[in-house]
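Quick look at data27.cif (mmCIF, C-alpha atoms):
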```cif
data_my_file
loop_
_atom_site.label_atom_id
_atom_site.label_comp_id
_atom_site.auth_asym_id
_atom_site.auth_seq_id
_atom_site.Cartn_x
_atom_site.Cartn_y
_atom_site.Cartn_z
CA MET Y 1 89.31 127.46 107.31
CA ALA Y 2 91.61 126.32 110.11
CA ASN Y 3 88.64 126.29 112.44
CA ASN Y 4 86.76 123.97 110.09
CA ALA Y 5 89.78 121.69 109.92
CA ASP Y 6 89.94 121.55 113.72
CA GLN Y 7 86.26 120.67 113.92
CA GLY Y 8 86.78 117.96 111.32
CA ASP Y 9 89.68 116.53 113.29
CA ARG Y 10 87.66 116.50 116.49
CA LEU Y 11 84.76 114.80 114.80
CA ASP Y 12 87.06 112.23 113.23
CA ARG Y 13 88.58 111.50 116.64
CA MET Y 14 85.16 111.08 118.21
CA LEU Y 15 84.08 108.76 115.42
CA ALA Y 16 87.33 106.78 115.77
CA GLU Y 17 86.75 106.42 119.51
CA ALA Y 18 83.25 105.12 118.82
CA LYS Y 19 84.73 102.37 116.62
CA GLY Y 20 86.37 100.77 119.64
CA ALA Y 21 83.18 100.34 121.62
CA GLU Y 22 82.36 96.72 122.48
CA PRO Y 23 79.12 95.15 123.70
CA SER Y 24 78.86 93.88 127.25
CA SER Y 25 79.77 90.32 128.14
CA ASP Y 26 76.19 89.91 129.35
CA LEU Y 27 74.87 90.67 125.87
CA MET Y 28 77.40 88.27 124.35
CA ALA Y 29 76.16 85.56 126.72
CA ARG Y 30 72.50 86.22 125.86
CA VAL Y 31 73.21 86.05 122.14
CA LEU Y 32 75.16 82.80 122.53
CA ALA Y 33 72.28 81.36 124.58
CA ASP Y 34 69.89 82.29 121.76
CA ALA Y 35 72.24 80.64 119.28
CA ALA Y 36 72.33 77.42 121.31
CA ALA Y 37 68.53 77.38 121.58
CA ILE Y 38 68.12 77.86 117.83
CA GLN Y 39 70.72 75.20 117.08
CA SER Y 40 68.89 72.72 119.31
CA GLU Y 41 65.80 73.34 117.15
CA ILE Y 42 67.39 73.17 113.73
CA ALA Y 43 70.22 70.71 114.36
CA PRO Y 44 69.34 68.83 117.57
CA THR Y 45 71.77 65.92 117.24
CA GLN Y 46 74.79 67.95 116.30
CA ALA Y 47 74.03 70.73 118.77
CA MET Y 48 73.76 68.30 121.67
CA SER Y 49 77.09 66.73 120.82
CA GLY Y 50 78.63 70.12 120.17
CA GLY Y 51 80.48 68.55 117.29
CA THR Y 52 81.58 70.18 114.07
CA GLN Y 53 80.89 69.04 110.57
CA GLY Y 54 84.12 70.26 109.05
CA ALA Y 55 84.83 72.30 105.97
CA GLY Y 56 82.98 69.80 103.81
CA ALA Y 57 79.78 70.65 105.57
CA ALA Y 58 80.52 74.33 105.12
CA GLN Y 59 80.65 73.73 101.39
CA ALA Y 60 77.68 71.39 101.32
CA GLY Y 61 75.08 74.10 100.84
CA THR Y 62 71.85 74.49 102.70
CA ALA Y 63 70.60 72.93 105.87
CA GLY Y 64 67.96 71.16 103.82
CA ARG Y 65 70.67 68.73 102.89
CA ARG Y 66 71.68 68.50 106.53
CA ARG Y 67 68.14 67.58 107.56
CA SER Y 68 67.96 64.84 104.98
CA ARG Y 69 71.05 63.22 106.54
CA SER Y 70 69.27 62.91 109.86
CA PHE Y 71 66.81 60.45 108.30
CA ARG Y 72 69.59 58.27 106.84
CA PRO Y 73 69.48 54.71 108.25
CA ALA Y 74 72.50 53.54 110.22
CA TRP Y 75 73.28 50.77 107.75
CA VAL Y 76 73.51 53.30 104.95
CA ALA Y 77 75.95 55.32 107.01
CA ALA Y 78 77.98 52.15 107.71
CA LEU Y 79 78.40 51.60 103.97
CA GLY Y 80 79.64 55.12 103.50
CA GLY Y 81 76.35 56.80 102.68
CA TRP Y 82 74.11 56.40 99.68
CA GLY Y 83 77.15 56.42 97.40
CA GLY Y 84 78.41 53.30 99.10
CA VAL Y 85 75.02 51.62 98.83
CA SER Y 86 74.85 52.28 95.12
CA GLY Y 87 78.36 50.87 94.69
CA VAL Y 88 77.47 47.64 96.46
CA THR Y 89 74.27 47.34 94.42
CA MET Y 90 76.11 47.90 91.16
CA ALA Y 91 78.72 45.27 92.05
CA GLY Y 92 75.94 42.74 92.72
CA VAL Y 93 74.21 43.46 89.42
CA VAL Y 94 77.46 43.17 87.44
CA GLY Y 95 78.33 39.88 89.16
CA LEU Y 96 74.90 38.46 88.37
CA ALA Y 97 75.16 39.53 84.74
CA ILE Y 98 78.58 37.92 84.35
CA GLY Y 99 77.34 34.71 85.96
CA PHE Y 100 74.48 34.43 83.51
CA ALA Y 101 76.41 35.53 80.45
CA ILE Y 102 79.56 33.42 80.74
CA PRO Y 103 79.00 30.69 83.38
CA ASP Y 104 81.53 28.30 81.84
CA THR Y 105 84.30 30.88 81.98
CA ILE Y 106 83.52 31.60 85.61
CA ASP Y 107 83.58 27.88 86.40
CA THR Y 108 86.91 27.51 84.64
CA LEU Y 109 88.37 30.47 86.52
CA SER Y 110 87.20 28.98 89.80
CA GLY Y 111 88.95 25.67 89.03
CA GLY Y 112 85.66 23.79 88.80
CA GLN Y 113 84.76 24.51 92.42
CA ILE Y 114 81.30 25.87 91.60
CA TRP Y 115 80.37 22.74 89.69
CA ASN Y 116 81.76 20.54 92.47
CA LEU Y 117 79.86 22.44 95.15
CA SER Y 118 76.68 21.93 93.23
CA GLY Y 119 77.27 18.19 93.28
CA GLY Y 120 77.71 18.19 89.56
CA ALA Y 121 73.98 18.48 89.09
CA GLY Y 122 73.31 22.19 88.54
CA LEU Y 123 74.34 25.77 88.91
CA THR Y 124 73.23 26.17 92.52
CA PRO Y 125 75.52 24.69 95.16
CA ASP Y 126 73.89 21.97 97.20
CA LEU Y 127 74.12 23.10 100.78
CA THR Y 128 73.54 19.60 102.09
CA THR Y 129 76.83 18.63 100.48
CA LEU Y 130 78.59 21.31 102.51
CA ALA Y 131 76.82 20.23 105.70
CA TRP Y 132 77.81 16.56 105.39
CA GLU Y 133 81.32 17.22 104.12
CA ASP Y 134 83.16 17.05 107.46
CA GLY Y 135 80.91 14.70 109.42
CA GLY Y 136 79.32 11.98 107.43
CA ASP Y 137 77.93 10.31 110.55
CA VAL Y 138 75.79 13.22 111.62
CA MET V 1 87.22 71.62 113.20
CA PRO V 2 90.06 73.45 114.98
CA ASP V 3 89.39 77.08 115.81
CA ALA V 4 92.31 78.15 113.61
CA GLU V 5 90.59 76.63 110.57
CA LEU V 6 87.28 78.24 111.53
CA ASP V 7 89.01 81.61 111.77
CA GLY V 8 89.92 81.32 108.11
CA LEU V 9 86.33 80.78 106.98
CA GLY V 10 84.07 83.55 105.78
CA ASP V 11 80.87 84.48 107.56
CA GLY V 12 78.78 82.67 104.94
CA ALA V 13 80.59 79.38 105.53
CA LEU V 14 80.21 79.84 109.27
CA MET V 15 76.46 80.30 108.79
CA VAL V 16 76.30 76.89 107.10
CA LEU V 17 78.34 75.33 109.89
CA PHE V 18 76.03 77.01 112.41
CA ALA V 19 73.02 75.43 110.73
CA ASN V 20 74.78 72.10 111.06
CA GLY V 21 74.99 72.52 114.81
CA ASP V 22 78.53 73.80 115.14
CA SER V 23 78.69 75.71 118.42
CA ALA V 24 82.16 77.06 117.63
CA ALA V 25 80.75 78.69 114.50
CA ALA V 26 78.07 80.33 116.65
CA ARG V 27 80.69 81.74 118.97
CA LEU V 28 82.87 83.03 116.14
CA LEU V 29 79.95 84.64 114.31
CA THR V 30 78.89 86.29 117.55
CA GLU V 31 82.38 87.65 118.12
CA ARG V 32 82.56 88.98 114.57
CA LEU V 33 79.07 90.36 114.06
CA LEU V 34 77.55 91.25 117.41
CA PRO V 35 79.91 94.21 118.07
CA ARG V 36 79.05 95.64 114.67
CA ALA V 37 75.31 95.23 115.20
CA TRP V 38 75.50 96.68 118.68
CA ARG V 39 77.63 99.69 117.68
CA HIS V 40 75.30 100.39 114.76
CA ALA V 41 72.21 100.27 116.98
CA SER V 42 73.91 102.12 119.80
CA ARG V 43 75.00 105.08 117.69
CA VAL V 44 71.69 105.32 115.83
CA LEU V 45 69.48 104.99 118.90
CA GLY V 46 71.76 106.71 121.42
CA ASP V 47 70.45 104.40 124.12
CA PRO V 48 72.65 101.48 125.28
CA ALA V 49 69.77 99.38 126.66
CA GLU V 50 67.71 99.75 123.50
CA ALA V 51 70.78 99.08 121.42
CA GLU V 52 71.31 95.79 123.26
CA ASP V 53 67.71 94.76 122.60
CA ILE V 54 68.01 95.58 118.92
CA ALA V 55 71.38 93.83 118.54
CA GLN V 56 70.09 90.70 120.28
CA GLU V 57 66.95 90.64 118.17
CA ALA V 58 68.96 91.10 114.97
CA MET V 59 71.31 88.27 115.91
CA LEU V 60 68.33 86.06 116.74
CA ARG V 61 66.94 86.70 113.26
CA LEU V 62 70.34 85.86 111.81
CA TRP V 63 70.39 82.50 113.62
CA ARG V 64 66.89 81.73 112.38
CA ALA V 65 67.92 82.56 108.82
CA ALA V 66 70.90 80.17 108.98
CA PRO V 67 69.12 76.99 107.72
CA GLU V 68 68.19 78.74 104.49
CA TRP V 69 71.50 80.52 104.09
CA ARG V 70 73.41 79.79 100.91
CA GLN V 71 77.15 80.09 101.12
CA ASP V 72 77.31 80.93 97.43
CA GLY V 73 74.55 83.53 97.74
CA ALA V 74 75.12 87.18 97.06
CA ALA V 75 74.22 88.43 100.52
CA GLN V 76 76.88 88.77 103.18
CA PRO V 77 75.75 87.99 106.72
CA SER V 78 77.17 91.29 107.97
CA THR V 79 75.30 93.28 105.31
CA TRP V 80 72.11 91.35 106.04
CA LEU V 81 72.55 91.99 109.77
CA HIS V 82 73.15 95.72 109.35
CA ARG V 83 70.01 95.94 107.24
CA VAL V 84 67.99 94.27 110.00
CA VAL V 85 69.51 96.57 112.61
CA ALA V 86 68.74 99.62 110.47
CA ASN V 87 65.10 98.62 110.07
CA LEU V 88 64.64 97.68 113.72
CA ALA V 89 66.24 100.93 114.84
CA ILE V 90 64.03 103.02 112.58
CA ASP V 91 60.95 101.17 113.84
CA ARG V 92 62.03 101.79 117.42
CA LEU V 93 62.67 105.50 116.79
CA ARG V 94 59.32 105.96 115.09
CA ARG V 95 57.41 104.16 117.83
CA ALA V 96 59.14 106.28 120.43
CA GLY V 97 58.41 109.45 118.45
CA ARG V 98 62.11 110.23 118.28
CA SER V 99 62.39 109.96 114.54
CA THR V 100 63.71 113.02 112.79
CA GLY V 101 62.18 111.92 109.51
CA LEU V 102 63.51 110.59 106.26
CA ASP V 103 64.24 113.97 104.70
CA PRO V 104 67.93 113.87 103.91
CA GLU V 105 68.16 117.65 104.02
CA ILE V 106 70.28 118.95 106.85
CA ASP V 107 68.20 119.92 109.83
CA PRO V 108 69.47 123.00 111.63
CA PRO V 109 70.82 122.04 115.05
CA ASP V 110 67.89 123.56 116.91
CA ASP V 111 68.41 121.21 119.84
CA ALA V 112 72.05 122.23 120.34
CA PRO V 113 71.44 123.26 123.97
CA THR V 114 70.11 119.78 124.70
CA ALA V 115 73.06 118.26 122.90
CA GLU V 116 75.42 120.47 124.89
CA ALA V 117 73.84 119.44 128.19
CA ARG V 118 74.32 115.80 127.32
CA MET V 119 77.92 116.45 126.32
CA ILE V 120 78.69 117.84 129.73
CA GLU V 121 76.86 115.04 131.51
CA ASP V 122 77.98 111.99 129.66
CA GLY V 123 81.20 112.84 127.85
CA ARG V 124 82.30 112.54 124.30
CA ARG V 125 80.45 109.38 123.37
CA SER V 126 77.17 110.72 124.57
CA ALA V 127 77.99 113.96 122.80
CA LEU V 128 78.45 112.07 119.59
CA ASP V 129 75.17 110.21 120.17
CA ALA V 130 73.42 113.48 120.84
CA ALA V 131 74.87 115.02 117.72
CA LEU V 132 73.93 111.98 115.67
CA ALA V 133 70.41 112.18 117.06
CA THR V 134 69.98 115.54 115.38
CA LEU V 135 70.48 113.99 111.96
CA PRO V 136 67.64 112.63 109.84
CA GLU V 137 67.37 108.85 110.06
CA ARG V 138 69.07 107.88 106.86
CA GLN V 139 71.83 110.46 107.27
CA ARG V 140 72.48 109.07 110.73
CA GLN V 141 72.54 105.48 109.50
CA ALA V 142 74.84 106.39 106.62
CA VAL V 143 77.29 108.29 108.84
CA VAL V 144 77.42 105.46 111.40
CA LEU V 145 77.93 102.78 108.77
CA ARG V 146 80.55 104.79 106.86
CA HIS V 147 82.53 106.49 109.58
CA ILE V 148 82.14 104.17 112.57
CA GLU V 149 81.70 100.75 110.99
CA GLY V 150 83.93 101.64 108.04
CA LEU V 151 81.70 100.07 105.39
CA ALA V 152 82.12 100.89 101.71
CA ASN V 153 79.49 103.04 100.05
CA PRO V 154 78.11 100.23 97.83
CA GLU V 155 77.49 98.06 100.92
CA ILE V 156 75.81 100.96 102.71
CA ALA V 157 73.67 101.51 99.63
CA GLU V 158 72.60 97.85 99.79
CA ILE V 159 71.82 98.07 103.49
CA LEU V 160 69.76 101.23 103.19
CA GLY V 161 68.20 100.34 99.87
CA ILE V 162 69.38 103.48 98.12
CA GLY V 163 71.90 104.39 95.41
CA VAL V 164 75.63 104.80 95.95
CA GLU V 165 75.46 108.49 95.01
CA ALA V 166 72.76 109.02 97.59
CA VAL V 167 75.02 107.42 100.19
CA GLU V 168 77.85 109.77 99.28
CA SER V 169 75.52 112.72 99.60
CA LEU V 170 74.10 111.53 102.92
CA THR V 171 77.50 110.91 104.52
CA ALA V 172 78.91 114.25 103.32
CA ARG V 173 75.92 116.21 104.56
CA GLY V 174 75.82 114.17 107.74
CA LYS V 175 79.40 115.02 108.62
CA ARG V 176 78.85 118.68 107.91
CA ALA V 177 75.81 118.63 110.17
CA LEU V 178 77.74 116.88 112.95
CA LYS V 179 80.46 119.51 112.76
CA ALA V 180 77.83 122.19 113.03
CA VAL V 181 76.30 120.59 116.11
CA LEU V 182 79.66 120.08 117.77
CA GLU V 183 80.95 123.55 116.94
CA GLY V 184 82.12 125.39 119.96
CA GLN V 185 82.07 122.30 122.16
CA LYS V 186 85.84 121.82 122.32
CA GLU V 187 86.21 122.33 126.04
CA ALA V 188 83.14 120.30 126.95
CA LEU V 189 84.54 117.47 124.88
CA GLY V 190 88.02 117.69 126.36
CA TYR V 191 89.52 119.09 123.18
CA GLY V 192 90.17 122.56 124.56
CA GLU V 193 93.38 124.39 123.88
#
```
Take the structure in the file and give it back as structure tokens.
Amino acid sequence: MANNADQGDRLDRMLAEAKGAEPSSDLMARVLADAAAIQSEIAPTQAMSGGTQGAGAAQAGTAGRRRSRSFRPAWVAALGGWGGVSGVTMAGVVGLAIGFAIPDTIDTLSGGQIWNLSGGAGLTPDLTTLAWEDGGDV
Amino acid sequence: MPDAELDGLGDGALMVLFANGDSAAARLLTERLLPRAWRHASRVLGDPAEAEDIAQEAMLRLWRAAPEWRQDGAAQPSTWLHRVVANLAIDRLRRAGRSTGLDPEIDPPDDAPTAEARMIEDGRRSALDAALATLPERQRQAVVLRHIEGLANPEIAEILGIGVEAVESLTARGKRALKAVLEGQKEALGYGE
């Protein structure tokens, strides 16, 4: 019985020693080189810059979403992404609707400036009025 | 993202960051997972050079899987990686004709003299590899994953594609077989009185 216990202890010690084994630095380097090569294929822009996407990207889901971002035009990015574009679009639509629905109220709120800019002849400001305003001799 | 924040992320989140081109995530995943893959392959194959090939190939497959990886998915990268290592190692053993078969029954240590010769030549680690090599494939994989990598039985069951009870049986019989192989090798292993 004691002999079995000794054998078990020896085996446990050998197994414990095997836990501490580490791969060579050369293998680590090869694996990291493979990783860089794969990243340059699947995420060329980010991999070249070596940048990180942050925790938000980690929670974003699959790389399919990442790839779609690479086709996003710069002006969309400047507006804060597609969410920003939709916000600007919605603001324009609401403004247009208000202008058509209650033009008199808008004119009152503006102190009559819209009517004046239009030369008192319509809803659309007359740009020639603006052009001649400061230099009547031009 | 600072390294300290990356350290706090799970392997699944790091996989997503990797797919987004984060080189720091690649480094951290390599540091976490490569040693496990290499130890697994090394103990199952008993050949350091082959183990390096297998570990590198498994990591390469992990990188390629990253774009489709779902952070909220059920699979853990480490479990997935061990499964790949297990399959690659079995393929390698079978091609080399070194497989001892899938029969989980304990094989008698007929090659004990060979194991003893390797013990003397290469020391304890080689002795362990030699002893492990006498085990049937799945017993060997189960013992390595349980007693060297310290994985829980349910995770081993997932890696090997068998039931938890089968894992318990394999690891118990595997340890008994290792003890039998190593019996009487105290002095050769430096454990003499």
Checklist entry - Do you know which residues are at most 12 Å from V:Leu145 counting all atoms listed in the file, after dropping those on the same chain fewer than 2 positions away, and could you put them as a ChimeraX atom specification? => result /Y:15,18-19 /V:36-44,78-79,82-83,85-86,138-143,147-160,167-168,170-171,174
Checklist entry - Separation of atom CA of V:Pro136 and atom CA of V:Glu183, in Å? => result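 Rounded to one decimal, the two atoms are 18.6 Å apart.
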Next on the checklist: As an exercise, work out the distance from atom CA of V:Ile162 to atom CA of V:Ala96 in Å and give it to one decimal place.
Outcome noted: 24.7 Å
Item to check | Residue nearest V:Glu137 among V:Met59, V:Ala25, V:Ala89, V:Ala180 (counting only C-alpha atoms) | outcome: V:Ala89
Item to check | Minimum-distance residue to chain Y, chosen among V:Ala4, V:Val144, V:Leu135, V:Glu50 (using all atoms listed in the file) | outcome: V:Val144
Next on the checklist: Between atom CA of V:Trp80 and atom CA of V:Arg125, what is the distance in Å, rounded to a tenth?
Outcome noted: 26.4 Å
Item to check | Distance filter 7 Å, all atoms listed in the file, chain V against chain Y, as a PyMOL selection string | outcome: chain V and resi 1+13-14+16-17+19-23+26-27+35+38-39+52+56+59-60+63-64+67-71+124-125+128+147-149+179+183
Item to check | Pick from V:Ala127, V:Ile54, V:Ala172, V:Ala133 nearest to V:Arg146, counting all atoms listed in the file | outcome: V:Ala172
Could I see stretch 28-44 of chain Y restored to N, CA and C atoms, set down as a CSV table (one decimal), in the frame of the given file?
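Contents of the output file selection11.csv:
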```csv
chain,number,residue,atom,x,y,z
Y,28,MET,N,76.8,89.4,125.1
Y,28,MET,CA,77.4,88.3,124.4
Y,28,MET,C,76.8,86.9,124.8
Y,29,ALA,N,76.7,86.8,126.2
Y,29,ALA,CA,76.2,85.6,126.7
Y,29,ALA,C,74.7,85.3,126.3
Y,30,ARG,N,73.9,86.4,126.3
Y,30,ARG,CA,72.5,86.2,125.9
Y,30,ARG,C,72.4,85.8,124.4
Y,31,VAL,N,73.2,86.4,123.6
Y,31,VAL,CA,73.2,86.0,122.1
Y,31,VAL,C,73.7,84.6,121.9
Y,32,LEU,N,74.7,84.2,122.7
Y,32,LEU,CA,75.2,82.8,122.5
Y,32,LEU,C,74.1,81.8,123.0
Y,33,ALA,N,73.4,82.2,124.1
Y,33,ALA,CA,72.3,81.4,124.6
Y,33,ALA,C,71.2,81.2,123.5
Y,34,ASP,N,70.9,82.3,122.9
Y,34,ASP,CA,69.9,82.3,121.8
Y,34,ASP,C,70.4,81.4,120.7
Y,35,ALA,N,71.7,81.5,120.3
Y,35,ALA,CA,72.2,80.6,119.3
Y,35,ALA,C,72.1,79.2,119.6
Y,36,ALA,N,72.4,78.8,120.9
Y,36,ALA,CA,72.3,77.4,121.3
Y,36,ALA,C,70.9,76.9,121.2
Y,37,ALA,N,69.9,77.8,121.6
Y,37,ALA,CA,68.5,77.4,121.6
Y,37,ALA,C,68.1,77.1,120.1
Y,38,ILE,N,68.5,78.0,119.2
Y,38,ILE,CA,68.1,77.9,117.8
Y,38,ILE,C,68.8,76.6,117.3
Y,39,GLN,N,70.0,76.4,117.6
Y,39,GLN,CA,70.7,75.2,117.1
Y,39,GLN,C,70.1,73.9,117.6
Y,40,SER,N,69.6,73.9,118.8
Y,40,SER,CA,68.9,72.7,119.3
Y,40,SER,C,67.6,72.5,118.6
Y,41,GLU,N,67.0,73.5,117.9
Y,41,GLU,CA,65.8,73.3,117.2
Y,41,GLU,C,66.1,72.9,115.7
Y,42,ILE,N,67.1,73.5,115.1
Y,42,ILE,CA,67.4,73.2,113.7
Y,42,ILE,C,68.4,72.1,113.5
Y,43,ALA,N,69.2,71.8,114.5
Y,43,ALA,CA,70.2,70.7,114.4
Y,43,ALA,C,70.4,70.0,115.7
Y,44,PRO,N,69.3,69.3,116.2
Y,44,PRO,CA,69.3,68.8,117.6
Y,44,PRO,C,70.5,67.9,117.9
```
